[in-house]
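Chemist: Contents of start05.json (JSON, C-alpha atoms) are given next:
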```
[["chain", "number", "residue", "atom", "x", "y", "z"],
["A", 29, "LEU", "CA", 4.46, 7.30, 20.93],
["A", 30, "VAL", "CA", 7.15, 5.16, 19.33],
["A", 31, "GLU", "CA", 5.87, 2.07, 21.13],
["A", 32, "MET", "CA", 2.33, 2.75, 19.99],
["A", 33, "ILE", "CA", 3.42, 3.15, 16.36],
["A", 34, "ALA", "CA", 5.48, -0.07, 16.57],
["A", 35, "THR", "CA", 2.47, -1.89, 18.01],
["A", 36, "LEU", "CA", 0.21, -0.60, 15.23],
["A", 37, "ILE", "CA", 2.74, -1.68, 12.59],
["A", 38, "ILE", "CA", 2.91, -5.19, 14.09],
["A", 39, "ILE", "CA", -0.90, -5.43, 14.22],
["A", 40, "ALA", "CA", -1.12, -4.22, 10.60],
["A", 41, "LEU", "CA", 1.40, -6.86, 9.47],
["A", 42, "ILE", "CA", -0.46, -9.64, 11.29],
["A", 43, "ALA", "CA", -3.76, -8.47, 9.80],
["A", 44, "ALA", "CA", -2.26, -8.36, 6.29],
["A", 45, "VAL", "CA", -0.95, -11.92, 6.58],
["A", 46, "THR", "CA", -3.90, -13.58, 8.36],
["A", 47, "GLY", "CA", -6.81, -11.45, 7.14],
["A", 48, "PRO", "CA", -7.40, -13.25, 3.82],
["A", 49, "ARG", "CA", -7.75, -16.56, 5.63],
["A", 50, "PHE", "CA", -10.80, -15.29, 7.50],
["A", 51, "PHE", "CA", -12.56, -14.37, 4.27],
["A", 52, "ASP", "CA", -11.65, -17.52, 2.28],
["A", 53, "VAL", "CA", -14.29, -20.12, 3.15],
["A", 54, "SER", "CA", -13.07, -22.79, 0.73],
["A", 55, "ALA", "CA", -10.96, -24.48, 3.43],
["A", 56, "PHE", "CA", -14.00, -24.62, 5.73],
["A", 57, "ARG", "CA", -16.17, -26.03, 2.94],
["A", 58, "ALA", "CA", -13.56, -28.69, 2.10],
["A", 59, "SER", "CA", -13.27, -29.70, 5.74],
["A", 60, "GLY", "CA", -17.04, -29.79, 6.14],
["A", 61, "PHE", "CA", -17.49, -31.93, 3.04],
["A", 62, "PHE", "CA", -14.82, -34.37, 4.26],
["A", 63, "GLU", "CA", -16.69, -34.74, 7.56],
["A", 64, "GLU", "CA", -19.99, -35.17, 5.71],
["A", 65, "THR", "CA", -18.53, -37.86, 3.44],
["A", 66, "LEU", "CA", -16.98, -39.67, 6.40],
["A", 67, "SER", "CA", -20.30, -39.61, 8.25],
["A", 68, "ALA", "CA", -22.19, -40.83, 5.18],
["A", 69, "VAL", "CA", -19.90, -43.84, 4.76],
["A", 70, "ARG", "CA", -20.31, -44.68, 8.45],
["A", 71, "TYR", "CA", -24.09, -44.31, 8.02],
["A", 72, "ALA", "CA", -23.98, -46.70, 5.04],
["A", 73, "GLN", "CA", -22.42, -49.38, 7.21],
["A", 74, "LYS", "CA", -24.98, -48.88, 9.98],
["A", 75, "HIS", "CA", -27.81, -48.93, 7.42],
["A", 76, "ALA", "CA", -26.58, -52.25, 6.00],
["A", 77, "VAL", "CA", -26.52, -53.81, 9.47],
["A", 78, "ALA", "CA", -29.91, -52.37, 10.45],
["A", 79, "THR", "CA", -31.75, -53.41, 7.29],
["A", 80, "GLY", "CA", -29.98, -56.71, 6.70],
["A", 81, "CYS", "CA", -29.30, -55.70, 3.12],
["A", 82, "ALA", "CA", -25.98, -54.62, 1.64],
["A", 83, "VAL", "CA", -25.45, -50.94, 0.88],
["A", 84, "ARG", "CA", -23.40, -49.65, -2.06],
["A", 85, "VAL", "CA", -21.19, -46.59, -1.60],
["A", 86, "GLN", "CA", -20.16, -44.85, -4.77],
["A", 87, "THR", "CA", -17.77, -41.91, -4.76],
["A", 88, "THR", "CA", -16.98, -40.00, -7.91],
["A", 89, "VAL", "CA", -14.69, -37.05, -8.51],
["A", 90, "GLY", "CA", -17.63, -34.73, -7.88],
["A", 91, "GLY", "CA", -19.47, -36.30, -4.94],
["A", 92, "PHE", "CA", -20.94, -39.45, -3.41],
["A", 93, "THR", "CA", -24.15, -41.50, -3.42],
["A", 94, "LEU", "CA", -25.44, -44.30, -1.18],
["A", 95, "PHE", "CA", -27.52, -47.02, -2.84],
["A", 96, "SER", "CA", -29.73, -49.83, -1.60],
["A", 97, "ASP", "CA", -31.45, -52.57, -3.55],
["A", 98, "ASN", "CA", -34.78, -51.58, -5.07],
["A", 99, "ASN", "CA", -36.07, -55.18, -4.87],
["A", 100, "PHE", "CA", -35.21, -55.64, -1.19],
["A", 101, "ASP", "CA", -37.55, -57.94, 0.68],
["A", 102, "PRO", "CA", -36.92, -57.84, 4.48],
["A", 103, "THR", "CA", -38.06, -61.46, 4.74],
["A", 104, "ASP", "CA", -35.44, -62.57, 2.19],
["A", 105, "PRO", "CA", -32.14, -60.64, 2.52],
["A", 106, "THR", "CA", -30.64, -62.63, -0.37],
["A", 107, "THR", "CA", -32.58, -60.35, -2.73],
["A", 108, "CYS", "CA", -29.98, -57.58, -2.28],
["A", 109, "ASP", "CA", -28.16, -57.45, -5.58],
["A", 110, "VAL", "CA", -29.30, -54.62, -7.85],
["A", 111, "PHE", "CA", -28.33, -51.44, -5.93],
["A", 112, "THR", "CA", -30.13, -48.86, -8.04],
["A", 113, "THR", "CA", -32.22, -47.08, -5.41],
["A", 114, "VAL", "CA", -30.65, -44.11, -3.67],
["A", 115, "ILE", "CA", -31.01, -44.40, 0.11],
["A", 116, "PRO", "CA", -33.34, -41.74, 1.55],
["A", 117, "ASP", "CA", -31.56, -38.87, 3.25],
["A", 118, "PRO", "CA", -31.95, -39.29, 7.03],
["A", 119, "SER", "CA", -31.87, -35.53, 7.57],
["A", 120, "GLY", "CA", -34.96, -35.05, 5.44],
["A", 121, "ASN", "CA", -33.32, -32.17, 3.54],
["A", 122, "ALA", "CA", -33.15, -34.11, 0.27],
["A", 123, "SER", "CA", -34.96, -37.04, -1.29],
["A", 124, "GLY", "CA", -31.81, -39.15, -1.71],
["A", 125, "PHE", "CA", -28.52, -39.52, 0.11],
["A", 126, "THR", "CA", -26.29, -37.99, -2.51],
["A", 127, "ARG", "CA", -24.01, -34.98, -2.23],
["A", 128, "ASN", "CA", -21.97, -32.91, -4.66],
["A", 129, "ALA", "CA", -18.55, -31.70, -3.62],
["A", 130, "PRO", "CA", -18.05, -27.96, -3.24],
["A", 131, "GLU", "CA", -16.05, -26.14, -5.87],
["A", 132, "GLY", "CA", -12.37, -27.07, -5.74],
["A", 133, "VAL", "CA", -12.92, -30.30, -3.74],
["A", 134, "THR", "CA", -12.45, -33.67, -5.42],
["A", 135, "LEU", "CA", -12.84, -37.26, -4.24],
["A", 136, "ASP", "CA", -11.18, -40.53, -5.18],
["A", 137, "PRO", "CA", -13.59, -42.53, -7.35],
["A", 138, "GLN", "CA", -14.45, -45.71, -5.39],
["A", 139, "ASP", "CA", -17.30, -48.19, -5.52],
["A", 140, "PHE", "CA", -17.75, -50.70, -2.69],
["A", 141, "ARG", "CA", -20.44, -52.33, -0.56],
["A", 142, "PHE", "CA", -21.11, -52.92, 3.08],
["A", 143, "ALA", "CA", -22.49, -56.40, 3.80],
["A", 144, "PRO", "CA", -25.33, -56.99, 6.28],
["A", 145, "ASP", "CA", -22.77, -58.08, 8.90],
["A", 146, "GLY", "CA", -21.07, -54.66, 8.60],
["A", 147, "SER", "CA", -17.98, -55.84, 6.75],
["A", 148, "ALA", "CA", -16.82, -54.07, 3.60],
["A", 149, "ASN", "CA", -16.95, -55.94, 0.33],
["A", 150, "ILE", "CA", -13.54, -54.86, -1.01],
["A", 151, "VAL", "CA", -10.61, -56.79, -2.49],
["A", 152, "ALA", "CA", -7.76, -55.40, -0.39],
["A", 153, "ALA", "CA", -7.60, -55.42, 3.41],
["A", 154, "THR", "CA", -8.37, -51.68, 3.39],
["A", 155, "ILE", "CA", -9.48, -49.04, 0.93],
["A", 156, "SER", "CA", -8.56, -45.37, 1.23],
["A", 157, "VAL", "CA", -10.68, -42.48, 0.02],
["A", 158, "THR", "CA", -9.23, -39.00, -0.38],
["A", 159, "VAL", "CA", -11.61, -36.07, -0.06],
["A", 160, "GLY", "CA", -10.09, -32.67, -0.73],
["A", 161, "GLY", "CA", -6.64, -33.69, 0.49],
["A", 162, "ARG", "CA", -7.85, -35.50, 3.63],
["A", 163, "GLN", "CA", -8.20, -39.27, 3.85],
["A", 164, "PHE", "CA", -10.21, -41.96, 5.54],
["A", 165, "ARG", "CA", -9.82, -45.72, 5.35],
["A", 166, "VAL", "CA", -12.39, -48.53, 5.31],
["A", 167, "HIS", "CA", -11.33, -51.91, 6.72],
["A", 168, "ARG", "CA", -12.61, -55.01, 4.93],
["A", 169, "ALA", "CA", -13.07, -57.41, 7.86],
["A", 170, "THR", "CA", -14.95, -55.10, 10.21],
["A", 171, "GLY", "CA", -16.16, -52.25, 7.99],
["A", 172, "PHE", "CA", -14.51, -49.83, 10.41],
["A", 173, "VAL", "CA", -14.22, -46.34, 8.88],
["A", 174, "GLU", "CA", -11.01, -44.77, 10.14],
["A", 175, "ARG", "CA", -10.07, -41.11, 9.80],
["A", 176, "LEU", "CA", -6.41, -40.70, 8.81]]
```
Mind turning the file's structure into C-alpha cells?
Modeler:
Amino acid sequence: LVEMIATLIIIALIAAVTGPRFFDVSAFRASGFFEETLSAVRYAQKHAVATGCAVRVQTTVGGFTLFSDNNFDPTDPTTCDVFTTVIPDPSGNASGFTRNAPEGVTLDPQDFRFAPDGSANIVAATISVTVGGRQFRVHRATGFVERL
C-alpha cells in the first residue's frame, strides 16, 4: 500500500510539472513556422534558378513574402528588376506566397534576393535570420540555406 501511494505521488508530481507543456501549443506553432519559413526561403532559391529570374525574399517582424518581377519576360531575363508581384503559393492554399507569424513569434526583418544562378544577393558572406528564437543562415556565394 505504501509503495502504491508513493508511486501515485510520483506520477502526480510528474503530471503537474509536464502536463502544461502538452496543452501549450505555442512552442509547436513557433517550430512549425520556423520550418515553413526555412522551406520558403529554399523554395525562393529554387524558383529563381528554375525561372531564370531573381526572387526577392522579404521578412518582416510579422511574417515573410516572396516576390518575383511583374514584368518578367522568359526570353529576356534581364527584365527582372521590379519585384512587386507575390509569387504564387505552390501548395494552392493561398493566392500568394506570404505568411504571417503566429502570435508570439517574431522574425528578423531582412530583404534580399536570389539571383538566377542560385546565389544570394547580399553584402556580407552570410546573412542570418532569426525566427522565434531559432536561426538559419543564407550563404552569398551559393545561396545555400543552412539551419543553425
Chemist: Would you mind telling me which residue in A:Gly171, A:Pro130, A:Gly90, A:Gly120 lies nearest to A:Ala55 when using all atoms listed in the file?
Modeler: A:Pro130
Chemist: At what distance in Å, to one decimal, does atom CA of A:Val133 lie from atom CA of A:Thr154?
Modeler: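 Going from atom CA of A:Thr154 over to atom CA of A:Val133 covers 23.0 Å.
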Chemist: So that I can check the surroundings of stretch 139-142 of chain A, please list as an MDAnalysis selection string every protein, DNA and RNA residue that reaches within 10 Å of it, counting all atoms listed in the file and ignoring chain neighbours fewer than 6 positions away.
Modeler: chainID A and resid 69:70 72:77 81:88 92:96 111 148:151 155 166 168 170:171
Chemist: For the residues selected in the previous step, produce a file with C-alpha atoms as a compact mmCIF listing (two decimals), in the frame of the given file.
Modeler:
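Written out: part_3.txt:
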```txt
# COMPACT_ATOMS: atom_id res chain seq x y z
CA VAL A 69 -19.90 -43.84 4.76
CA ARG A 70 -20.31 -44.68 8.45
CA ALA A 72 -23.98 -46.70 5.04
CA GLN A 73 -22.42 -49.38 7.21
CA LYS A 74 -24.98 -48.88 9.98
CA HIS A 75 -27.81 -48.93 7.42
CA ALA A 76 -26.58 -52.25 6.00
CA VAL A 77 -26.52 -53.81 9.47
CA CYS A 81 -29.30 -55.70 3.12
CA ALA A 82 -25.98 -54.62 1.64
CA VAL A 83 -25.45 -50.94 0.88
CA ARG A 84 -23.40 -49.65 -2.06
CA VAL A 85 -21.19 -46.59 -1.60
CA GLN A 86 -20.16 -44.85 -4.77
CA THR A 87 -17.77 -41.91 -4.76
CA THR A 88 -16.98 -40.00 -7.91
CA PHE A 92 -20.94 -39.45 -3.41
CA THR A 93 -24.15 -41.50 -3.42
CA LEU A 94 -25.44 -44.30 -1.18
CA PHE A 95 -27.52 -47.02 -2.84
CA SER A 96 -29.73 -49.83 -1.60
CA PHE A 111 -28.33 -51.44 -5.93
CA ALA A 148 -16.82 -54.07 3.60
CA ASN A 149 -16.95 -55.94 0.33
CA ILE A 150 -13.54 -54.86 -1.01
CA VAL A 151 -10.61 -56.79 -2.49
CA ILE A 155 -9.48 -49.04 0.93
CA VAL A 166 -12.39 -48.53 5.31
CA ARG A 168 -12.61 -55.01 4.93
CA THR A 170 -14.95 -55.10 10.21
CA GLY A 171 -16.16 -52.25 7.99
```
Chemist: Mind giving me the straight-line distance from atom CA of A:Pro118 to atom CA of A:Ala143 in Å, one decimal?
Modeler: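 Taking atom CA of A:Pro118 and atom CA of A:Ala143, their separation equals 19.8 Å.
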Chemist: How many Å separate atom CA of A:His167 from atom CA of A:Arg57?
Modeler: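 Atom-to-atom, atom CA of A:His167 and atom CA of A:Arg57 are spaced 26.6 Å apart.
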Chemist: For A:Phe125, which residue among A:Val45, A:Phe172, A:Gln163, A:Gly91 is the nearest when counting only C-alpha atoms?
Modeler: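 Counting only C-alpha atoms, the residue closest to A:Phe125 is A:Gly91.
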Chemist: Counting all atoms listed in the file, find the residues whose atoms lie at most 10 Å from (-11.0, -41.0, 6.9) (file coordinates) and write them out as a PyMOL selection string.
Modeler: chain A and resi 62-63+65-67+69+156-159+162-166+173-176
